[in-house]
Structure formats: C-alpha cells, structure tokens
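The next block holds one structure in the form of structure tokens; read it before the comments.
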Amino acid sequence: MKKVQVIVALWLGVSFGALAQENISIGPIAGVSVSNLRGDIGPTQWKPGFTVGGFYNYSSNSGLGVSGQVLFTQLGANAEANIDYARLNYIQVPVLLTYFLGKNGQKVRPKLFIGPHVNFLLNARNKQGENLNADVNNKQIRAIDAGLTAGFGLNFRLKNKVWLNADVRYGLGLVDIAQQDNRKLHNQNFGVNLGVSFPFGTYSTRTGRLRTR
C-alpha cells in the first residue's frame with residue numbers, strides 16, 4: 001500500500017500545482033451502480049448498489065480542475081442464478097483530475113475526468129448475512145483496495161455559481177482484494193451519479209488567501 005500512497009500523493013501534488021486562480025465549491029453526491037468481481041471466481045453476475053457522499057472541487061479558468069470525494073460505495077457480485085452474493089461496503093476516496101469542455105459562462109459544461117481511488121472496507125457479507133471476515137485467522141477480503149476511476153459528465157448551471165453535476169463513471173480495481181494467497185480478486189463497477197455544487201470561496205493568487213463567501 002506504500003506504492004498506492006505515493007502515487008496518490010504525487011497525483012495530488014501535480015493536480016493542485018497545475019491550477020491557477022482556483023474556484024472552490026462543495027456539495028453532496030449520490031448515485032447508483034452495478035459491480036462485479038474479476039479473477040479466480042466462478043460465474044458471477046453484476047450486482048446493483050448505491051453511492052452517497054460529498055465532494056470538494058477546485059476549478060480554474062483554463063477548464064482544468066480537481067475533485068476530491070468521500071463516498072460510501074457498495075461493491076461486490078451476485079453468484080450465478082443469484083444463489084449467493086458478496087456485498088462489499090466501502091468508504092471510497094477518489095481524487096479526480098477534471099477537464100471542462102466548452103467556455104466559461106456556458107449554461108452546460110461537458111467534462112472528462114480520471115484519477116486514482118482508495119477503498120477502505122467497512123464490511124463484507126454474503127446473502128445469509130454472514131461476515132466474510134469473521135474468522136480473524138482466515139479473512140476473505142482485504143481491508144484496503146485501490147484502483148482507477150474514469151468517466152464523463154455534464155454540469156448544468158441552476159443559478160449563479162450553483163451547478164447540478166451529472167456523471168457516468170467506471171471504476172477498475174488494481175489491487176488484489178482476496179486475502180487468500182491461492183486466488184486473486186479485483187473489483188470493478190459502473191456508476192451514474194448526481195450532485196449539486198455550491199460556491200465555497202475563491203483562492204486569490206495575489207494574496208495567497210482563501211476568501212470564503
């Protein structure tokens with residue numbers, strides 16, 4: 001996990017360093033998703049879930065921005081014929097480099113985004129409600145996961161500096177989450193999310209101070 005931490009730290013440094021005269025906004029976000037598991041596992045089906053949380057955005061006049069998010073996210077998979085499932089509940093922290101298309105002042109702004117995410121496991125249960133990590137000597141799912149999130153979306157201006165944010169994203173797990181050494185498992189999911197961003201302040205490059213509103 002040290003490599004993951006280094007990558008995220010470097011990404012944050014490069015992303016925030018690339019911004020000039022940032023505008024800051026915050027807000028809630030919620031959505032739905034379908035997830036599955038890749039790797040050494042039998043036939044599986046996509047499992048629906050939901051996401052809810054909040055975000056903190058930096059954006060610049062050049063169209064470049066960074067979004068830090070803290071989300072409760074449901075991942076996992078259904079077994080074939082829905083005879084069983086794995087429900088993995090995570091706190092997910094994505095850091096997304098965002099590029100807004102079009103020009104400032106447009107009512108609708110398309111956007112593209114990509115960045116790393118880290119998942120912290122809250123619990124893992126099967127269809128019977130059994131804890132998959134109940135046996136401390138034989139845990140099935142690792143506590144930390146990491147991967148890459150990418151997608152596209154649209155921002156709709158509701159009123160001055162208040163925006164409705166809509167996006168479609170794909171999350172690819174890059175860390176083996178199987179605790180046992182004899183198999184490998186990776187998360188993956190597609191999600192659709194809606195959020196509302198509210199102005200929080202403007203960072204002045206002249207004074208180096210944050211002016212809240």
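Going through the structure tokens in order, the chains are called A, B, and so on, while each chain numbers its residues from 1 and the ligands are numbered from 1 in the order shown.
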Inset, instruction - Taking the chain letters and numbering used in this document, name the residues of stretch 2-196 of chain A that DSSP puts in strand (DSSP E), as a ChimeraX atom specification. - result: /A:23-39,44-45,47-59,64-79,85-100,108-126,144-159,162-173,185-196
Give me, as a PDB file with N, CA, C and O atoms, in the first residue's frame, all polymer residues having an atom no more than 8 Å from A:Gly151, counting only C-alpha atoms and skipping those fewer than 4 positions away in the same chain.
ATOM      1  N   LEU A 112     -14.618  15.687 -18.690  1.00  0.00           N
ATOM      2  CA  LEU A 112     -13.949  14.389 -18.658  1.00  0.00           C
ATOM      3  C   LEU A 112     -13.124  14.328 -17.387  1.00  0.00           C
ATOM      4  O   LEU A 112     -12.591  15.346 -16.932  1.00  0.00           O
ATOM      5  N   PHE A 113     -13.015  13.139 -16.781  1.00  0.00           N
ATOM      6  CA  PHE A 113     -12.230  13.043 -15.551  1.00  0.00           C
ATOM      7  C   PHE A 113     -11.577  11.670 -15.423  1.00  0.00           C
ATOM      8  O   PHE A 113     -12.061  10.668 -15.953  1.00  0.00           O
ATOM      9  N   ILE A 114     -10.457  11.655 -14.705  1.00  0.00           N
ATOM     10  CA  ILE A 114      -9.728  10.410 -14.444  1.00  0.00           C
ATOM     11  C   ILE A 114      -8.876  10.609 -13.197  1.00  0.00           C
ATOM     12  O   ILE A 114      -8.423  11.726 -12.914  1.00  0.00           O
ATOM     13  N   ASP A 167     -22.730  12.561 -13.813  1.00  0.00           N
ATOM     14  CA  ASP A 167     -21.610  11.864 -14.440  1.00  0.00           C
ATOM     15  C   ASP A 167     -21.862  10.365 -14.538  1.00  0.00           C
ATOM     16  O   ASP A 167     -22.678   9.794 -13.798  1.00  0.00           O
ATOM     17  N   VAL A 168     -21.158   9.743 -15.475  1.00  0.00           N
ATOM     18  CA  VAL A 168     -21.115   8.299 -15.656  1.00  0.00           C
ATOM     19  C   VAL A 168     -19.658   7.898 -15.500  1.00  0.00           C
ATOM     20  O   VAL A 168     -18.776   8.503 -16.125  1.00  0.00           O
ATOM     21  N   ARG A 169     -19.389   6.898 -14.662  1.00  0.00           N
ATOM     22  CA  ARG A 169     -18.002   6.536 -14.394  1.00  0.00           C
ATOM     23  C   ARG A 169     -17.793   5.033 -14.339  1.00  0.00           C
ATOM     24  O   ARG A 169     -18.727   4.256 -14.106  1.00  0.00           O
ATOM     25  N   TYR A 170     -16.546   4.645 -14.553  1.00  0.00           N
ATOM     26  CA  TYR A 170     -16.138   3.244 -14.428  1.00  0.00           C
ATOM     27  C   TYR A 170     -14.991   3.171 -13.433  1.00  0.00           C
ATOM     28  O   TYR A 170     -14.043   3.962 -13.512  1.00  0.00           O
TER      29      TYR A 170
END
Legend entry - Surrounding residues of A:Gly173 excluding itself and chain neighbours under 6 positions, 6 Å, only C-alpha atoms, as a list in words: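 The contact residues come out as Ala146, Gly147, His186, Asn187 and Gln188 of chain A.
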Just the selected residues (N, CA and C atoms), exported as a PDB file, in the first residue's frame, please.
ATOM      1  N   ALA A 146      -7.500  -0.357  -4.014  1.00  0.00           N
ATOM      2  CA  ALA A 146      -7.171   0.862  -4.752  1.00  0.00           C
ATOM      3  C   ALA A 146      -7.317   0.596  -6.239  1.00  0.00           C
ATOM      4  N   GLY A 147      -7.551   1.653  -6.986  1.00  0.00           N
ATOM      5  CA  GLY A 147      -7.728   1.477  -8.426  1.00  0.00           C
ATOM      6  C   GLY A 147      -7.797   2.798  -9.152  1.00  0.00           C
ATOM      7  N   HIS A 186     -10.458  -8.850  -8.079  1.00  0.00           N
ATOM      8  CA  HIS A 186     -10.399  -7.412  -8.280  1.00  0.00           C
ATOM      9  C   HIS A 186     -11.816  -6.856  -8.436  1.00  0.00           C
ATOM     10  N   ASN A 187     -12.055  -5.677  -7.866  1.00  0.00           N
ATOM     11  CA  ASN A 187     -13.341  -5.000  -8.013  1.00  0.00           C
ATOM     12  C   ASN A 187     -13.453  -4.314  -9.373  1.00  0.00           C
ATOM     13  N   GLN A 188     -14.681  -4.134  -9.831  1.00  0.00           N
ATOM     14  CA  GLN A 188     -14.977  -3.277 -10.975  1.00  0.00           C
ATOM     15  C   GLN A 188     -16.426  -2.834 -10.866  1.00  0.00           C
TER      16      GLN A 188
END
Inset, instruction - Give me, please, the distance in Å between atom CA of A:Ala77 and atom CA of A:Pro48, quoted to one decimal. - result: 8.4 Å
Quick one: contact table of stretch 71-132 of chain A to stretch 191-196 of chain A, 12 Å max, nearest atom pair and distance in Å to one decimal per residue, counting only C-alpha atoms, chain and number order, as JSON lines?
{"residue": "A:Leu71", "atom": "CA", "partner": "A:Asn193", "partner_atom": "CA", "distance": 11.3}
{"residue": "A:Thr73", "atom": "CA", "partner": "A:Gly191", "partner_atom": "CA", "distance": 10.0}
{"residue": "A:Gln74", "atom": "CA", "partner": "A:Gly191", "partner_atom": "CA", "distance": 10.6}
{"residue": "A:Leu75", "atom": "CA", "partner": "A:Gly191", "partner_atom": "CA", "distance": 10.6}
Legend entry - Every residue of stretch 1-212 of chain A that DSSP places in alpha helix (DSSP H), as a list in words: Lys2, Lys3, Val4, Gln5, Val6, Ile7, Val8, Ala9, Leu10, Trp11, Leu12, Gly13, Val14, Ser15, Phe16 and Gly17 of chain A
Inset, instruction - Rank A:Leu172, A:Ser59, A:Ala178, A:Gly102 by their smallest atom-to-atom distance to A:Gly115, using only C-alpha atoms, and report the top residue only. - result: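 Comparing A:Leu172, A:Ser59, A:Ala178, A:Gly102 against A:Gly115, the winner is A:Leu172.
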Inset, instruction - Can you work out which one of A:Asn131, A:Asn119, A:Ser67, A:Asn189 has the shortest atom-to-atom distance to A:Val34, counting only C-alpha atoms? - result: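 Smallest separation from A:Val34 among the options: A:Asn189.
Near A:Arg87, within 6 Å and counting only C-alpha atoms, sit Gly76, Ala124 and Arg125 of chain A, not including residues fewer than 6 positions from it in the same chain.
With only C-alpha atoms as the atoms that count, the minimum distance from A:Pro116 to the choices A:Asn61, A:Gln45, A:Gln92, A:Asn36 is reached by A:Gln92.
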Inset, instruction - Using only C-alpha atoms, pick whichever of A:Leu164, A:Ile141, A:Gly54, A:Gly63 has the shortest atom-to-atom distance to A:Arg183. - result: A:Ile141
Legend entry - Best match for closeness to A:Asn155 among A:Gln179, A:Lys184, A:Lys107, A:Phe190, counting only C-alpha atoms: A:Lys107
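Each of A:Asn57, A:Asn89, A:Asn126, A:Gln140 was compared to A:Ile26 using only C-alpha atoms, and A:Asn57 turns out to be the nearest.
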Inset, instruction - Quote the spacing between atom CA of A:Phe156 and atom CA of A:Arg109 in Å to one decimal place. - result: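 A separation of 6.7 Å between them.
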Show me, as an mmCIF file with all heavy atoms, in the first residue's frame, the residues that have an atom within 6 Å of A:Phe50 when counting only C-alpha atoms, minus same-chain residues fewer than 6 positions from it.
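So the final result, stored in out32.cif, reads:
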data_model
loop_
_atom_site.group_PDB
_atom_site.id
_atom_site.type_symbol
_atom_site.label_atom_id
_atom_site.label_comp_id
_atom_site.auth_asym_id
_atom_site.auth_seq_id
_atom_site.Cartn_x
_atom_site.Cartn_y
_atom_site.Cartn_z
ATOM 1 N N GLY A 31 -25.751 8.301 -6.080
ATOM 2 C CA GLY A 31 -25.937 7.619 -7.350
ATOM 3 C C GLY A 31 -26.178 6.133 -7.174
ATOM 4 O O GLY A 31 -26.268 5.607 -6.062
ATOM 5 N N VAL A 32 -26.282 5.452 -8.313
ATOM 6 C CA VAL A 32 -26.477 4.008 -8.352
ATOM 7 C C VAL A 32 -25.363 3.398 -9.192
ATOM 8 O O VAL A 32 -24.746 4.073 -10.024
ATOM 9 C CB VAL A 32 -27.855 3.633 -8.941
ATOM 10 C CG1 VAL A 32 -28.967 4.119 -8.039
ATOM 11 C CG2 VAL A 32 -28.026 4.207 -10.345
ATOM 12 N N SER A 33 -25.112 2.114 -8.962
ATOM 13 C CA SER A 33 -24.042 1.451 -9.694
ATOM 14 C C SER A 33 -24.336 -0.031 -9.838
ATOM 15 O O SER A 33 -25.224 -0.576 -9.168
ATOM 16 C CB SER A 33 -22.696 1.641 -8.987
ATOM 17 O OG SER A 33 -22.694 0.961 -7.734
ATOM 18 N N GLN A 74 -21.188 0.779 -2.457
ATOM 19 C CA GLN A 74 -21.461 -0.656 -2.373
ATOM 20 C C GLN A 74 -20.931 -1.362 -3.619
ATOM 21 O O GLN A 74 -21.315 -1.038 -4.741
ATOM 22 C CB GLN A 74 -22.961 -0.907 -2.241
ATOM 23 C CG GLN A 74 -23.547 -0.422 -0.927
ATOM 24 C CD GLN A 74 -25.009 -0.810 -0.786
ATOM 25 O OE1 GLN A 74 -25.802 -0.663 -1.708
ATOM 26 N NE2 GLN A 74 -25.368 -1.325 0.389
#
